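The structure appears below as structure tokens.
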Amino acid sequence: MREPSSPIGDERRPLPPPLDRTAEPRRLIALLSAGAFGCAASMRVADAQLPALATGFGVSLGGAAQVITVFSVAYGLMQLVFGPLADRFGKWRVVSLAVLASAFTAAACALAPDFPGLLSARFAAGATCAAVIPMAMAWIGDAVPYERRQAVLARFLTGQILGLAAGQWLGGLAADYGLWRAPFALLAVCFLIAGVLLWRSRAAAIEAAPPQPRSGHPVREAAEVLRGHWPRVVLSVVFVEGMVLFGPLAFMATHLHLAFGMSLARAGSIVMLFAAGGLLFVVGSAALVRRFGEIGLARGGGALMALALAAVALSPVWWTAPLACTLLGAGFYMLHTTLQANATQMAPQARGAAVSLFAAGLFLGQTAGVLVASLLVERTGTATVLLGGGACLVVLGVGFARLRSRHRH
């Protein structure tokens with residue numbers, strides 16, 4: 001059985017055979033989601049622990065923040081490596097081994113004897129986690145027909161969304177009790193269990209989406225993806241999305257603190273409702289995809305994010321912020337899962353490399369967005385940065401919807 005023709009991607013090449021439509025791999029996707037949970041939690045677990053790490057290791061707060069920076073740098077750089085490797089050796093195999101390796105890197109963080117040792121372990125953790133979420137998405141692209149893929153990707157993202165929230169919560173709890181090593185040890189156990197289950201399921205995963213080995217050359221694979229016009233469009237849009245959303249989002253808690261005098265801890269808790277909005281979208285994703293389609297979700301997601309950021313920036317009262325942050329998360333996943341679905345199909349013959357480039361684009365956009373927003377905040381204030389991000393997002397959503405409509409027809 002071959003995947004039906006799709007409006008995106010190179011149709012001249014044979015596509016990996018999808019699963020039977022009646023046999024959706026729910027258990028396999030749940031295992032991938034468990035791996036994504038661990039990676040997302042690992043990404044955010046150090047955020048709330050910076051003061052404790054600074055005190056414990058006798059470094060400045062800025063120095064302690066290196067545990068976040070080195071993870072992010074390794075995560076971004078390794079995207080360009082794992083995609084071609086997964087295309088060559090099999091996506092499920094690479095994901096399984098990366099999750100198992102993440103158990104050891106998380107344990108290394110828990111056992112770090114000094115601050116340089118912790119930095120080295122966090123760099124290694126970023127490198128091993130880098131393969132999991134993008135290559136899981138690529139495997140879903142191989143296994144699930146395109147017309148059902150966005151709803152399945154949304155369900156897979158449940159693990160990532162919960163992981164982001166759990167990482168922040170675990171980090172804060174550990175910092176309060178002076179047990180900064182405990183979350184890393186717990187993550188090591190989670191990774192080990194998920195990795196063993198993923199490895200033991202590889203036969204079923206290969207049957208669901210048989211690999212089609214390629215050269216695995218990073219430059220050659222990336223060049224093949226970038227040769228097409230539509231992949232360049234998708235990668236450009238996800239870069240801008242990361243920039244104009246996550247730049248302002250980094251200063252959301254600061255805005256609530258400055259505008260309403262609330263504590264940073266309370267402001268951070270409100271911003272975490274972004275994850276709740278993502279879960280709301282996941283719950284209704286199948287119906288929303290059927291009702292609005294990719295074009296409607298892209299347009300609506302951009303508009304919803306713009307409305308949410310404007311509500312936080314302009315509201316004279318704090319109690320609009322929880323609802324706005326929830327809507328912001330829902331709007332983000334409306335647009336982002338649309339982009340993810342396109343990313344899994346923009347180069348079917350090199351899907352691993354394509355999704356890796358997509359993840360790298362989002363990562364680079366976030367990095368650039370935080371840098372630009374930090375410069376603008378000093379000159380214009382937090383409210384202007386939030387409003388500017390919202391204006392860009394509504395234009396981005398409408399613009400991508402139009403491009404997608406033209407590309408389809």
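Every chain in the structure tokens takes a letter, A first, then B, and so on in the order presented; its residues are numbered from 1, and the ligands are numbered from 1 following the presented order.
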
Inset, instruction - Tell me which protein, DNA and RNA residues are within 10 Å of Leu53 in chain A, counting only C-alpha atoms, leaving out same-chain ones fewer than 6 positions away, and put them as a PyMOL selection string. - result: chain A and resi 46+59-61+63-65+67+115+175+178+180-181

Inset, instruction - Identify, on the basis of only C-alpha atoms, every residue whose closest approach to Leu375 in chain A does not exceed 10 Å; exclude the query and any residue fewer than 6 positions from it along the same chain; express the result as a ChimeraX atom specification. - result: /A:369,381,385

Please produce an output containing C-alpha atoms for each residue in the selection, written as a compact mmCIF listing (two decimals), in the first residue's frame.
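Final file, part_10.txt:
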```txt
# COMPACT_ATOMS: atom_id res chain seq x y z
CA GLY A 369 13.99 36.02 19.15
CA GLY A 381 9.42 48.16 27.37
CA VAL A 385 7.58 43.75 22.67
```

Inset, instruction - Extract, using only C-alpha atoms, all DNA, RNA and protein residues at most 8 Å from Leu273 in chain A, discarding same-chain residues fewer than 3 positions from it, and format them as a list in words. - result: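 Here the answer would be Ser269, Ile270, Ala276, Gly277, Pro322, Cys325, Thr326 and Gly329 of chain A.
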
Inset, instruction - Skip range 303-310 of chain A itself and residues of its chain fewer than 4 positions away, then list as number ranges by chain all residues within 12 Å of it, counting only C-alpha atoms. - result: A: 241, 244-249, 251-252, 255-256, 271, 274, 277, 296-299, 314-316, 320-336, 382-399, 401

Skip Cys39 in chain A itself and residues of its chain fewer than 4 positions away, then list as an mmCIF file with N, CA, C and O atoms, in the first residue's frame all residues within 7 Å of it, counting only C-alpha atoms.
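Output below, filename out02.cif:
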```cif
data_model
loop_
_atom_site.group_PDB
_atom_site.id
_atom_site.type_symbol
_atom_site.label_atom_id
_atom_site.label_comp_id
_atom_site.auth_asym_id
_atom_site.auth_seq_id
_atom_site.Cartn_x
_atom_site.Cartn_y
_atom_site.Cartn_z
ATOM 1 N N GLY A 35 9.168 9.215 25.431
ATOM 2 C CA GLY A 35 10.519 9.700 25.197
ATOM 3 C C GLY A 35 10.555 11.214 25.070
ATOM 4 O O GLY A 35 11.459 11.885 25.597
ATOM 5 N N MET A 43 15.019 19.552 29.170
ATOM 6 C CA MET A 43 15.307 20.871 28.611
ATOM 7 C C MET A 43 15.004 21.978 29.606
ATOM 8 O O MET A 43 15.701 22.991 29.672
ATOM 9 N N CYS A 129 19.410 14.170 23.703
ATOM 10 C CA CYS A 129 17.982 14.494 23.581
ATOM 11 C C CYS A 129 17.626 15.020 22.191
ATOM 12 O O CYS A 129 16.467 14.936 21.775
#
```

Legend entry - Straight-line distance linking CA of Ala30 in chain A with CA of Phe156 in chain A, stated in Å to one decimal: 6.8 Å

Inset, instruction - Looking only at alpha helix (DSSP H) from DSSP on the backbone, list the matching residues of range 60-221 of chain A as JSON, numbers by chain. - result: {"A": [61, 62, 63, 64, 66, 67, 68, 69, 70, 71, 72, 73, 74, 75, 76, 77, 78, 79, 80, 81, 82, 83, 84, 85, 86, 87, 88, 89, 91, 92, 93, 94, 95, 96, 97, 98, 99, 100, 101, 102, 103, 104, 105, 106, 107, 108, 109, 110, 115, 116, 117, 118, 119, 120, 121, 122, 123, 124, 125, 126, 127, 128, 129, 132, 133, 134, 135, 136, 137, 138, 139, 140, 141, 142, 143, 146, 147, 148, 149, 150, 151, 152, 153, 154, 155, 156, 157, 158, 159, 160, 161, 162, 163, 164, 165, 166, 167, 168, 169, 170, 171, 172, 173, 174, 175, 176, 181, 182, 183, 184, 185, 186, 187, 188, 189, 190, 191, 192, 193, 194, 195, 196, 197, 198, 199, 200, 202, 203, 204, 205, 206, 207, 208, 218, 219, 220, 221]}

Inset, instruction - Might you pull out every residue within 12 Å of Arg220 in chain A, with only C-alpha atoms counted and same-chain residues fewer than 6 positions away left off, and present them as a list in words? - result: Leu80, Val81, Gly83, Pro84, Arg214, Leu226, Arg227, Ala350, Ala353 and Ala354 of chain A

Legend entry - Nearby residues (only C-alpha atoms) at most 12 Å from Gly117 in chain A, same-chain spacing under 5 positions excluded, as a ChimeraX atom specification: /A:57,67,105,108-112,122-124

Output N, CA, C and O atoms for every residue in that selection, as an mmCIF file, in the first residue's frame.
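Saved to selection_28.cif:
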```cif
data_model
loop_
_atom_site.group_PDB
_atom_site.id
_atom_site.type_symbol
_atom_site.label_atom_id
_atom_site.label_comp_id
_atom_site.auth_asym_id
_atom_site.auth_seq_id
_atom_site.Cartn_x
_atom_site.Cartn_y
_atom_site.Cartn_z
ATOM 1 N N PHE A 57 27.351 25.802 43.907
ATOM 2 C CA PHE A 57 28.665 25.686 43.251
ATOM 3 C C PHE A 57 29.491 26.959 43.376
ATOM 4 O O PHE A 57 30.612 27.021 42.855
ATOM 5 N N VAL A 67 24.193 26.150 32.341
ATOM 6 C CA VAL A 67 23.651 24.787 32.268
ATOM 7 C C VAL A 67 22.487 24.719 31.283
ATOM 8 O O VAL A 67 22.197 23.653 30.722
ATOM 9 N N THR A 105 23.184 10.225 30.323
ATOM 10 C CA THR A 105 23.583 11.628 30.449
ATOM 11 C C THR A 105 22.831 12.316 31.589
ATOM 12 O O THR A 105 23.383 13.185 32.270
ATOM 13 N N ALA A 108 24.571 11.287 34.649
ATOM 14 C CA ALA A 108 25.825 12.032 34.777
ATOM 15 C C ALA A 108 25.588 13.416 35.363
ATOM 16 O O ALA A 108 26.398 13.911 36.158
ATOM 17 N N CYS A 109 24.462 14.044 35.000
ATOM 18 C CA CYS A 109 24.117 15.338 35.602
ATOM 19 C C CYS A 109 23.884 15.181 37.102
ATOM 20 O O CYS A 109 24.340 16.003 37.908
ATOM 21 N N ALA A 110 23.168 14.136 37.500
ATOM 22 C CA ALA A 110 22.867 13.910 38.918
ATOM 23 C C ALA A 110 24.131 13.640 39.727
ATOM 24 O O ALA A 110 24.194 13.974 40.922
ATOM 25 N N LEU A 111 25.127 13.044 39.096
ATOM 26 C CA LEU A 111 26.341 12.639 39.805
ATOM 27 C C LEU A 111 27.501 13.608 39.611
ATOM 28 O O LEU A 111 28.615 13.317 40.060
ATOM 29 N N ALA A 112 27.260 14.728 38.951
ATOM 30 C CA ALA A 112 28.348 15.661 38.640
ATOM 31 C C ALA A 112 29.058 16.107 39.920
ATOM 32 O O ALA A 112 28.409 16.599 40.848
ATOM 33 N N ARG A 122 25.534 18.331 31.000
ATOM 34 C CA ARG A 122 24.386 18.981 30.374
ATOM 35 C C ARG A 122 24.586 19.111 28.863
ATOM 36 O O ARG A 122 23.631 18.995 28.086
ATOM 37 N N PHE A 123 25.810 19.348 28.433
ATOM 38 C CA PHE A 123 26.087 19.383 26.992
ATOM 39 C C PHE A 123 25.797 18.018 26.377
ATOM 40 O O PHE A 123 25.150 17.921 25.329
ATOM 41 N N ALA A 124 26.252 16.960 27.050
ATOM 42 C CA ALA A 124 25.985 15.605 26.558
ATOM 43 C C ALA A 124 24.489 15.308 26.556
ATOM 44 O O ALA A 124 23.971 14.658 25.640
#
```

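Pairwise distance (CA of His229 in chain A, CA of Thr338 in chain A) equals 17.6 Å.
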
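Each of A:Arg148, A:Ala125, A:Arg232, A:Gly293 was checked against Val45 in chain A using only C-alpha atoms; the smallest atom-to-atom distance is that of A:Ala125.
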
Legend entry - Residue with smallest distance to Phe400 in chain A - pool A:Gly365, A:Gly167, A:Pro348, A:Gly301, counting only C-alpha atoms: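 Of A:Gly365, A:Gly167, A:Pro348, A:Gly301, the one nearest Phe400 in chain A, counting only C-alpha atoms, is A:Gly301.
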
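Each of A:Leu376, A:Met243, A:Val132, A:Ala52 was checked against Leu362 in chain A using only C-alpha atoms; the smallest atom-to-atom distance is that of A:Met243.
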
Inset, instruction - For CA of Ser285 in chain A and CA of Trp169 in chain A, quote the distance in Å rounded to one decimal. - result: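 Separating CA of Ser285 in chain A from CA of Trp169 in chain A is a distance of 25.9 Å.
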